[in-house]
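These notes are about the structure you will find just below.
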Amino acid sequence: MKKTLMLGAVVAAASLSGSAAVIDFEADAPGLKPNGWSPVGHPTVQFSDTAGTDLLVGNFGGQGIGQSLVVFDDTDGSKLQIDFTVPVDSLSLWFGNDDPGWAGPTDLAWLEIWNGAVLLATVNSPLNLDDIMNQNIGWAGQCFDRAYFWYGDAQGNPFTTGPSGAIGLIEIVDRIEYVHCQRVPEGGSSLMLLGIAGLGMVGLGRRWIVRS
Ligand SMILES: [Ca+2]
Ligand SMILES: [Ca+2]
Ligand SMILES: [Ca+2]
């Protein structure tokens with residue numbers, strides 16, 4: 001019970017201050033995870049595999065940073081779906097398993113940002129193809145409640161195995177940082193500010209009129 005209360009306090013503090021929370025998977029039991037799974041200490045974040053139920057926490061050496069989250073497998077076109085039950089306005093994550101034996105120079109890491117049914121942004125990053133987790137990708141700007149991360153070709157198609165000999169690259173992510181959206185000031189402070197600004201403009205207008 002005490003632990004639950006403490007977690008609640010940490011989450012509330014993060015939402016109020018806007019400080020970044022970090023998911024590093026070190027406190028999570030290794031093994032398969034169901035879709036909709038939340039890591040220890042982050043009850044407002046839910047991970048899902050968009051094809052099948054193949055999320056797994058484990059230690060993959062330099063492909064992660066200690067324990068990391070993997071989206072298997074290399075043939076089903078999986079993306080990692082991240083849902084935020086409390087909206088965020090900033091997200092970044094580190095990615096690994098950029099194995100040069102299974103990817104080429106035109107392949108990219110992709111990140112899509114959604115708020116409800118609205119696609120806010122699509123960003124991508126080249127892979128440095130050294131099979132080491134030493135790159136990250138992210139986006140910040142306005143509140144959102146869902147993101148997708150995946151490895152794909154230059155057009156964003158996720159990897160599958162097909163007759164063309166398409167390759168597979170399994171997503172491994174770690175050090176996921178997010179910031180809850182800042183709360184709107186209470187008590188109509190925004191309206192008051194608008195009102196003050198409006199009065200100022202009226203004042204300027206009057207001065208103009210007097211001078212002319
Ligand atoms: Ca980790
Ligand atoms: Ca999958
Ligand atoms: Ca790398």
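Identifiers for the structure tokens are assigned positionally: chains receive A, B, ... in sequence, residues are indexed from 1 per chain, and ligands are indexed from 1 in the order shown.
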Residues within 12 Å of ligand 3, counting only C-alpha atoms and all ligand atoms, as an MDAnalysis selection string: chainID A and resid 62:65 94:100 103 108:109 125:137 171:173
Test item: residues no farther than 12 Å from ligand 1, counting only C-alpha atoms and all ligand atoms, as an MDAnalysis selection string: chainID A and resid 22:28 30 39 57:70 93:96 133 172:177
Got time to write the residues from that selection, N, CA and C atoms, as a tab-separated table (two decimals), in the first residue's frame?
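File out-v6.tsv, as written:
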chain	number	residue	atom	x	y	z
A	22	VAL	N	12.01	8.91	-16.74
A	22	VAL	CA	12.85	8.04	-17.56
A	22	VAL	C	12.49	6.58	-17.30
A	23	ILE	N	12.21	5.85	-18.38
A	23	ILE	CA	11.96	4.41	-18.29
A	23	ILE	C	13.23	3.69	-18.73
A	24	ASP	N	13.85	2.93	-17.81
A	24	ASP	CA	15.10	2.23	-18.20
A	24	ASP	C	14.98	0.71	-18.08
A	25	PHE	N	13.81	0.20	-17.65
A	25	PHE	CA	13.50	-1.23	-17.58
A	25	PHE	C	14.36	-2.02	-16.59
A	26	GLU	N	15.12	-1.32	-15.75
A	26	GLU	CA	16.01	-2.04	-14.82
A	26	GLU	C	15.23	-2.71	-13.69
A	27	ALA	N	14.07	-2.18	-13.33
A	27	ALA	CA	13.30	-2.75	-12.21
A	27	ALA	C	12.29	-3.79	-12.69
A	28	ASP	N	12.22	-4.03	-13.99
A	28	ASP	CA	11.21	-4.94	-14.53
A	28	ASP	C	11.72	-6.36	-14.63
A	30	PRO	N	12.57	-9.74	-16.24
A	30	PRO	CA	12.78	-10.12	-17.63
A	30	PRO	C	11.74	-11.12	-18.10
A	39	PRO	N	5.67	-0.48	-17.44
A	39	PRO	CA	6.85	-0.82	-16.64
A	39	PRO	C	6.71	-0.32	-15.21
A	57	VAL	N	11.27	-8.07	-22.22
A	57	VAL	CA	12.32	-7.34	-21.50
A	57	VAL	C	13.49	-8.28	-21.27
A	58	GLY	N	14.69	-7.82	-21.58
A	58	GLY	CA	15.87	-8.64	-21.38
A	58	GLY	C	17.13	-7.82	-21.49
A	59	ASN	N	18.26	-8.47	-21.24
A	59	ASN	CA	19.56	-7.80	-21.37
A	59	ASN	C	20.24	-8.31	-22.63
A	60	PHE	N	20.49	-7.41	-23.56
A	60	PHE	CA	21.06	-7.79	-24.86
A	60	PHE	C	22.41	-7.12	-25.08
A	61	GLY	N	23.15	-6.97	-24.00
A	61	GLY	CA	24.50	-6.40	-24.09
A	61	GLY	C	24.46	-5.00	-24.66
A	62	GLY	N	25.38	-4.71	-25.58
A	62	GLY	CA	25.52	-3.38	-26.15
A	62	GLY	C	24.36	-2.95	-27.03
A	63	GLN	N	23.44	-3.87	-27.34
A	63	GLN	CA	22.27	-3.50	-28.13
A	63	GLN	C	21.26	-2.73	-27.29
A	64	GLY	N	21.47	-2.74	-25.96
A	64	GLY	CA	20.64	-1.95	-25.05
A	64	GLY	C	21.55	-1.33	-24.01
A	65	ILE	N	20.93	-0.80	-22.94
A	65	ILE	CA	21.70	-0.25	-21.81
A	65	ILE	C	21.21	-1.02	-20.58
A	66	GLY	N	21.87	-2.10	-20.24
A	66	GLY	CA	21.33	-3.00	-19.24
A	66	GLY	C	20.10	-3.68	-19.82
A	67	GLN	N	19.04	-3.76	-19.04
A	67	GLN	CA	17.81	-4.34	-19.56
A	67	GLN	C	17.12	-3.34	-20.50
A	68	SER	N	16.51	-3.88	-21.55
A	68	SER	CA	15.82	-3.02	-22.51
A	68	SER	C	14.56	-3.74	-22.99
A	69	LEU	N	13.78	-3.07	-23.83
A	69	LEU	CA	12.53	-3.64	-24.34
A	69	LEU	C	12.69	-3.97	-25.82
A	70	VAL	N	12.30	-5.20	-26.19
A	70	VAL	CA	12.45	-5.68	-27.56
A	70	VAL	C	11.08	-5.96	-28.15
A	93	LEU	N	13.67	8.45	-27.07
A	93	LEU	CA	14.06	7.09	-26.73
A	93	LEU	C	15.35	6.73	-27.45
A	94	TRP	N	16.11	5.81	-26.83
A	94	TRP	CA	17.33	5.30	-27.45
A	94	TRP	C	16.99	4.00	-28.17
A	95	PHE	N	17.66	3.77	-29.31
A	95	PHE	CA	17.37	2.56	-30.07
A	95	PHE	C	18.65	1.80	-30.42
A	96	GLY	N	18.53	0.47	-30.43
A	96	GLY	CA	19.68	-0.39	-30.73
A	96	GLY	C	19.28	-1.57	-31.60
A	133	MET	N	23.65	0.42	-29.10
A	133	MET	CA	22.65	1.44	-28.77
A	133	MET	C	23.36	2.75	-28.45
A	172	ILE	N	14.86	-2.58	-30.58
A	172	ILE	CA	15.21	-2.60	-29.16
A	172	ILE	C	15.27	-1.15	-28.69
A	173	VAL	N	14.55	-0.84	-27.61
A	173	VAL	CA	14.51	0.54	-27.11
A	173	VAL	C	14.86	0.57	-25.63
A	174	ASP	N	15.32	1.73	-25.18
A	174	ASP	CA	15.70	1.93	-23.79
A	174	ASP	C	15.75	3.44	-23.50
A	175	ARG	N	15.92	3.78	-22.22
A	175	ARG	CA	16.00	5.17	-21.78
A	175	ARG	C	14.93	6.05	-22.45
A	176	ILE	N	13.70	5.69	-22.23
A	176	ILE	CA	12.57	6.43	-22.80
A	176	ILE	C	12.23	7.59	-21.87
A	177	GLU	N	12.40	8.80	-22.34
A	177	GLU	CA	12.13	9.99	-21.51
A	177	GLU	C	10.85	10.67	-21.99
Residues within 12 Å of ligand 2, counting only C-alpha atoms and all ligand atoms, as a PyMOL selection string: chain A and resi 32-35+48-56+70-81+150+158-160+168-171
Selected residue of minimal separation from A:Gly104 among A:Ala154, A:Leu91, A:Val179, A:Ala117, counting only C-alpha atoms: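 Selected residue with least distance to A:Gly104: A:Ala154.
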Based on DSSP run over this structure's backbone, return all residues of stretch 38-205 of chain A in helix (DSSP H, G or I), as a JSON list (two decimals) with all heavy atoms, in the first residue's frame.
[["chain", "number", "residue", "atom", "x", "y", "z"],
["A", 61, "GLY", "N", 23.15, -6.97, -24.00],
["A", 61, "GLY", "CA", 24.50, -6.40, -24.09],
["A", 61, "GLY", "C", 24.46, -5.00, -24.66],
["A", 61, "GLY", "O", 23.61, -4.19, -24.30],
["A", 62, "GLY", "N", 25.38, -4.71, -25.58],
["A", 62, "GLY", "CA", 25.52, -3.38, -26.15],
["A", 62, "GLY", "C", 24.36, -2.95, -27.03],
["A", 62, "GLY", "O", 24.28, -1.78, -27.43],
["A", 63, "GLN", "N", 23.44, -3.87, -27.34],
["A", 63, "GLN", "CA", 22.27, -3.50, -28.13],
["A", 63, "GLN", "C", 21.26, -2.73, -27.29],
["A", 63, "GLN", "O", 20.31, -2.16, -27.82],
["A", 63, "GLN", "CB", 21.62, -4.75, -28.73],
["A", 63, "GLN", "CG", 22.54, -5.45, -29.72],
["A", 63, "GLN", "CD", 21.95, -6.75, -30.23],
["A", 63, "GLN", "OE1", 21.21, -7.43, -29.54],
["A", 63, "GLN", "NE2", 22.30, -7.10, -31.45],
["A", 189, "SER", "N", -6.33, 32.41, -14.86],
["A", 189, "SER", "CA", -5.14, 33.26, -15.03],
["A", 189, "SER", "C", -4.89, 33.59, -16.50],
["A", 189, "SER", "O", -4.52, 34.71, -16.83],
["A", 189, "SER", "CB", -3.92, 32.56, -14.46],
["A", 189, "SER", "OG", -4.14, 32.24, -13.10],
["A", 190, "SER", "N", -5.14, 32.59, -17.38],
["A", 190, "SER", "CA", -4.89, 32.84, -18.80],
["A", 190, "SER", "C", -5.81, 33.95, -19.33],
["A", 190, "SER", "O", -5.40, 34.83, -20.06],
["A", 190, "SER", "CB", -5.12, 31.57, -19.61],
["A", 190, "SER", "OG", -4.24, 30.57, -19.18],
["A", 191, "LEU", "N", -7.09, 33.86, -18.88],
["A", 191, "LEU", "CA", -8.04, 34.88, -19.33],
["A", 191, "LEU", "C", -7.63, 36.25, -18.81],
["A", 191, "LEU", "O", -7.72, 37.25, -19.50],
["A", 191, "LEU", "CB", -9.45, 34.54, -18.83],
["A", 191, "LEU", "CG", -10.17, 33.45, -19.61],
["A", 191, "LEU", "CD1", -11.50, 33.12, -18.96],
["A", 191, "LEU", "CD2", -10.39, 33.91, -21.06],
["A", 192, "MET", "N", -7.14, 36.28, -17.54],
["A", 192, "MET", "CA", -6.69, 37.55, -16.98],
["A", 192, "MET", "C", -5.55, 38.13, -17.79],
["A", 192, "MET", "O", -5.52, 39.32, -18.10],
["A", 192, "MET", "CB", -6.24, 37.35, -15.53],
["A", 192, "MET", "CG", -7.40, 37.26, -14.54],
["A", 192, "MET", "SD", -6.80, 36.94, -12.88],
["A", 192, "MET", "CE", -5.86, 38.44, -12.59],
["A", 193, "LEU", "N", -4.60, 37.24, -18.18],
["A", 193, "LEU", "CA", -3.46, 37.72, -18.97],
["A", 193, "LEU", "C", -3.93, 38.28, -20.30],
["A", 193, "LEU", "O", -3.50, 39.34, -20.75],
["A", 193, "LEU", "CB", -2.47, 36.56, -19.22],
["A", 193, "LEU", "CG", -1.59, 36.20, -18.02],
["A", 193, "LEU", "CD1", -0.77, 34.96, -18.33],
["A", 193, "LEU", "CD2", -0.67, 37.36, -17.67],
["A", 194, "LEU", "N", -4.88, 37.56, -20.93],
["A", 194, "LEU", "CA", -5.42, 38.03, -22.20],
["A", 194, "LEU", "C", -6.07, 39.40, -22.01],
["A", 194, "LEU", "O", -5.91, 40.31, -22.82],
["A", 194, "LEU", "CB", -6.46, 37.03, -22.74],
["A", 194, "LEU", "CG", -5.91, 35.84, -23.52],
["A", 194, "LEU", "CD1", -7.05, 34.89, -23.88],
["A", 194, "LEU", "CD2", -5.21, 36.33, -24.79],
["A", 195, "GLY", "N", -6.81, 39.53, -20.90],
["A", 195, "GLY", "CA", -7.49, 40.78, -20.61],
["A", 195, "GLY", "C", -6.50, 41.92, -20.45],
["A", 195, "GLY", "O", -6.69, 43.01, -20.99],
["A", 196, "ILE", "N", -5.40, 41.66, -19.71],
["A", 196, "ILE", "CA", -4.38, 42.69, -19.51],
["A", 196, "ILE", "C", -3.77, 43.09, -20.84],
["A", 196, "ILE", "O", -3.59, 44.27, -21.16],
["A", 196, "ILE", "CB", -3.30, 42.16, -18.55],
["A", 196, "ILE", "CG1", -3.89, 42.02, -17.14],
["A", 196, "ILE", "CG2", -2.10, 43.09, -18.51],
["A", 196, "ILE", "CD1", -3.04, 41.22, -16.18],
["A", 197, "ALA", "N", -3.46, 42.05, -21.68],
["A", 197, "ALA", "CA", -2.88, 42.35, -22.99],
["A", 197, "ALA", "C", -3.85, 43.19, -23.81],
["A", 197, "ALA", "O", -3.45, 44.14, -24.49],
["A", 197, "ALA", "CB", -2.57, 41.03, -23.72],
["A", 198, "GLY", "N", -5.15, 42.84, -23.72],
["A", 198, "GLY", "CA", -6.15, 43.59, -24.48],
["A", 198, "GLY", "C", -6.20, 45.04, -24.03],
["A", 198, "GLY", "O", -6.25, 45.96, -24.85],
["A", 199, "LEU", "N", -6.17, 45.27, -22.71],
["A", 199, "LEU", "CA", -6.18, 46.63, -22.19],
["A", 199, "LEU", "C", -4.99, 47.42, -22.70],
["A", 199, "LEU", "O", -5.08, 48.58, -23.08],
["A", 199, "LEU", "CB", -6.17, 46.60, -20.65],
["A", 199, "LEU", "CG", -7.50, 46.24, -20.00],
["A", 199, "LEU", "CD1", -7.31, 46.06, -18.50],
["A", 199, "LEU", "CD2", -8.52, 47.35, -20.28],
["A", 200, "GLY", "N", -3.82, 46.74, -22.74],
["A", 200, "GLY", "CA", -2.60, 47.40, -23.22],
["A", 200, "GLY", "C", -2.76, 47.85, -24.66],
["A", 200, "GLY", "O", -2.37, 48.96, -25.02],
["A", 201, "MET", "N", -3.38, 46.99, -25.47],
["A", 201, "MET", "CA", -3.55, 47.34, -26.89],
["A", 201, "MET", "C", -4.52, 48.50, -27.03],
["A", 201, "MET", "O", -4.32, 49.40, -27.84],
["A", 201, "MET", "CB", -4.05, 46.12, -27.67],
["A", 201, "MET", "CG", -2.99, 45.04, -27.79],
["A", 201, "MET", "SD", -3.56, 43.61, -28.70],
["A", 201, "MET", "CE", -3.51, 44.23, -30.36],
["A", 202, "VAL", "N", -5.57, 48.49, -26.20],
["A", 202, "VAL", "CA", -6.51, 49.60, -26.23],
["A", 202, "VAL", "C", -5.78, 50.90, -25.90],
["A", 202, "VAL", "O", -5.93, 51.92, -26.56],
["A", 202, "VAL", "CB", -7.67, 49.36, -25.23],
["A", 202, "VAL", "CG1", -8.50, 50.62, -25.06],
["A", 202, "VAL", "CG2", -8.55, 48.21, -25.73],
["A", 203, "GLY", "N", -4.90, 50.80, -24.87],
["A", 203, "GLY", "CA", -4.12, 51.96, -24.46],
["A", 203, "GLY", "C", -3.25, 52.48, -25.59],
["A", 203, "GLY", "O", -3.21, 53.69, -25.86],
["A", 204, "LEU", "N", -2.60, 51.54, -26.28],
["A", 204, "LEU", "CA", -1.74, 51.94, -27.41],
["A", 204, "LEU", "C", -2.57, 52.64, -28.47],
["A", 204, "LEU", "O", -2.20, 53.69, -29.00],
["A", 204, "LEU", "CB", -1.08, 50.70, -28.01],
["A", 204, "LEU", "CG", 0.20, 50.22, -27.33],
["A", 204, "LEU", "CD1", 0.70, 48.95, -28.00],
["A", 204, "LEU", "CD2", 1.27, 51.31, -27.42],
["A", 205, "GLY", "N", -3.72, 52.03, -28.76],
["A", 205, "GLY", "CA", -4.58, 52.60, -29.80],
["A", 205, "GLY", "C", -4.99, 54.01, -29.45],
["A", 205, "GLY", "O", -4.97, 54.91, -30.30]]
Those in stretch 19-170 of chain A with strand (DSSP E) from DSSP, as JSON, numbers by chain: {"A": [21, 22, 23, 31, 32, 33, 45, 46, 47, 48, 49, 55, 56, 57, 58, 59, 67, 68, 69, 70, 71, 80, 81, 82, 83, 84, 85, 86, 87, 88, 89, 90, 91, 92, 93, 94, 95, 96, 108, 109, 110, 111, 112, 113, 114, 115, 118, 119, 120, 121, 122, 123, 124, 125, 126, 135, 136, 137, 138, 139, 140, 141, 142, 143, 144, 145, 146, 147, 148, 149, 150, 151, 152]}
Pull C-alpha atoms from the residues just selected and write them as a PDB file, in the first residue's frame.
ATOM      1  CA  ALA A  21      10.519  10.791 -16.317  1.00  0.00           C
ATOM      2  CA  VAL A  22      12.854   8.036 -17.556  1.00  0.00           C
ATOM      3  CA  ILE A  23      11.958   4.409 -18.286  1.00  0.00           C
ATOM      4  CA  GLY A  31      10.531 -12.047 -19.985  1.00  0.00           C
ATOM      5  CA  LEU A  32       7.530 -11.676 -22.279  1.00  0.00           C
ATOM      6  CA  LYS A  33       5.109  -8.800 -21.607  1.00  0.00           C
ATOM      7  CA  VAL A  45       2.659   4.555 -19.936  1.00  0.00           C
ATOM      8  CA  GLN A  46       1.513   1.458 -21.835  1.00  0.00           C
ATOM      9  CA  PHE A  47       3.520  -0.504 -24.402  1.00  0.00           C
ATOM     10  CA  SER A  48       2.029  -2.677 -27.133  1.00  0.00           C
ATOM     11  CA  ASP A  49       3.242  -4.664 -30.144  1.00  0.00           C
ATOM     12  CA  LEU A  55       7.216  -7.646 -26.305  1.00  0.00           C
ATOM     13  CA  LEU A  56      10.104  -8.871 -24.175  1.00  0.00           C
ATOM     14  CA  VAL A  57      12.320  -7.339 -21.501  1.00  0.00           C
ATOM     15  CA  GLY A  58      15.874  -8.644 -21.381  1.00  0.00           C
ATOM     16  CA  ASN A  59      19.562  -7.801 -21.366  1.00  0.00           C
ATOM     17  CA  GLN A  67      17.806  -4.343 -19.562  1.00  0.00           C
ATOM     18  CA  SER A  68      15.819  -3.021 -22.512  1.00  0.00           C
ATOM     19  CA  LEU A  69      12.528  -3.637 -24.344  1.00  0.00           C
ATOM     20  CA  VAL A  70      12.453  -5.681 -27.557  1.00  0.00           C
ATOM     21  CA  VAL A  71       9.682  -5.940 -30.162  1.00  0.00           C
ATOM     22  CA  LEU A  80       6.188  -0.418 -30.878  1.00  0.00           C
ATOM     23  CA  GLN A  81       3.067   1.452 -29.731  1.00  0.00           C
ATOM     24  CA  ILE A  82       3.413   3.716 -26.683  1.00  0.00           C
ATOM     25  CA  ASP A  83       0.206   5.028 -25.098  1.00  0.00           C
ATOM     26  CA  PHE A  84       0.175   7.774 -22.482  1.00  0.00           C
ATOM     27  CA  THR A  85      -2.940   7.786 -20.284  1.00  0.00           C
ATOM     28  CA  VAL A  86      -1.745  11.191 -19.058  1.00  0.00           C
ATOM     29  CA  PRO A  87      -0.724  13.227 -22.155  1.00  0.00           C
ATOM     30  CA  VAL A  88       2.889  14.263 -22.675  1.00  0.00           C
ATOM     31  CA  ASP A  89       4.496  16.979 -24.791  1.00  0.00           C
ATOM     32  CA  SER A  90       8.001  15.534 -25.068  1.00  0.00           C
ATOM     33  CA  LEU A  91       9.301  12.040 -25.833  1.00  0.00           C
ATOM     34  CA  SER A  92      12.713  10.609 -26.652  1.00  0.00           C
ATOM     35  CA  LEU A  93      14.058   7.086 -26.731  1.00  0.00           C
ATOM     36  CA  TRP A  94      17.333   5.296 -27.448  1.00  0.00           C
ATOM     37  CA  PHE A  95      17.371   2.562 -30.066  1.00  0.00           C
ATOM     38  CA  GLY A  96      19.680  -0.392 -30.726  1.00  0.00           C
ATOM     39  CA  LEU A 108      15.700   4.433 -40.992  1.00  0.00           C
ATOM     40  CA  ALA A 109      14.384   4.572 -37.453  1.00  0.00           C
ATOM     41  CA  TRP A 110      10.860   6.072 -37.495  1.00  0.00           C
ATOM     42  CA  LEU A 111       8.782   7.818 -34.852  1.00  0.00           C
ATOM     43  CA  GLU A 112       5.154   8.877 -35.290  1.00  0.00           C
ATOM     44  CA  ILE A 113       3.372  11.172 -32.822  1.00  0.00           C
ATOM     45  CA  TRP A 114      -0.414  11.091 -32.464  1.00  0.00           C
ATOM     46  CA  ASN A 115      -2.959  12.941 -30.361  1.00  0.00           C
ATOM     47  CA  VAL A 118      -4.615  13.332 -35.356  1.00  0.00           C
ATOM     48  CA  LEU A 119      -1.104  12.623 -36.651  1.00  0.00           C
ATOM     49  CA  LEU A 120       1.030  15.471 -35.293  1.00  0.00           C
ATOM     50  CA  ALA A 121       4.480  14.522 -36.563  1.00  0.00           C
ATOM     51  CA  THR A 122       6.574  11.899 -38.321  1.00  0.00           C
ATOM     52  CA  VAL A 123      10.320  11.997 -37.741  1.00  0.00           C
ATOM     53  CA  ASN A 124      13.099   9.636 -38.753  1.00  0.00           C
ATOM     54  CA  SER A 125      16.786   9.070 -38.185  1.00  0.00           C
ATOM     55  CA  PRO A 126      19.451   7.229 -40.200  1.00  0.00           C
ATOM     56  CA  GLN A 135      21.452   6.901 -31.024  1.00  0.00           C
ATOM     57  CA  ASN A 136      18.183   8.385 -29.938  1.00  0.00           C
ATOM     58  CA  ILE A 137      15.110   9.896 -31.564  1.00  0.00           C
ATOM     59  CA  GLY A 138      12.424  12.136 -30.168  1.00  0.00           C
ATOM     60  CA  TRP A 139       9.874  14.882 -30.610  1.00  0.00           C
ATOM     61  CA  ALA A 140       8.486  17.720 -28.495  1.00  0.00           C
ATOM     62  CA  GLY A 141       6.050  20.511 -29.161  1.00  0.00           C
ATOM     63  CA  GLN A 142       2.477  19.955 -28.079  1.00  0.00           C
ATOM     64  CA  CYS A 143       0.445  17.478 -26.061  1.00  0.00           C
ATOM     65  CA  PHE A 144       0.021  13.970 -27.434  1.00  0.00           C
ATOM     66  CA  ASP A 145      -1.110  10.594 -26.148  1.00  0.00           C
ATOM     67  CA  ARG A 146       0.373   8.002 -28.517  1.00  0.00           C
ATOM     68  CA  ALA A 147       3.612   7.277 -30.355  1.00  0.00           C
ATOM     69  CA  TYR A 148       4.833   4.540 -32.657  1.00  0.00           C
ATOM     70  CA  PHE A 149       8.480   3.550 -33.106  1.00  0.00           C
ATOM     71  CA  TRP A 150       9.844   1.143 -35.694  1.00  0.00           C
ATOM     72  CA  TYR A 151      12.632   0.327 -38.132  1.00  0.00           C
ATOM     73  CA  GLY A 152      11.660   0.648 -41.761  1.00  0.00           C
TER      74      GLY A 152
END
Point-to-point distance from atom CA of A:Asn157 to atom CA of A:Gly36, Å rounded to tenths: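 Between these atoms lies a distance of 23.5 Å.
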Atomic distance atom CA of A:Tyr178 - atom CA of A:Pro105, expressed in Å with one decimal: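 These two atoms are separated by 29.1 Å.
With atom CA of A:Gly116 on one side and atom CA of A:Ser19 on the other, the separation reads 23.3 Å.
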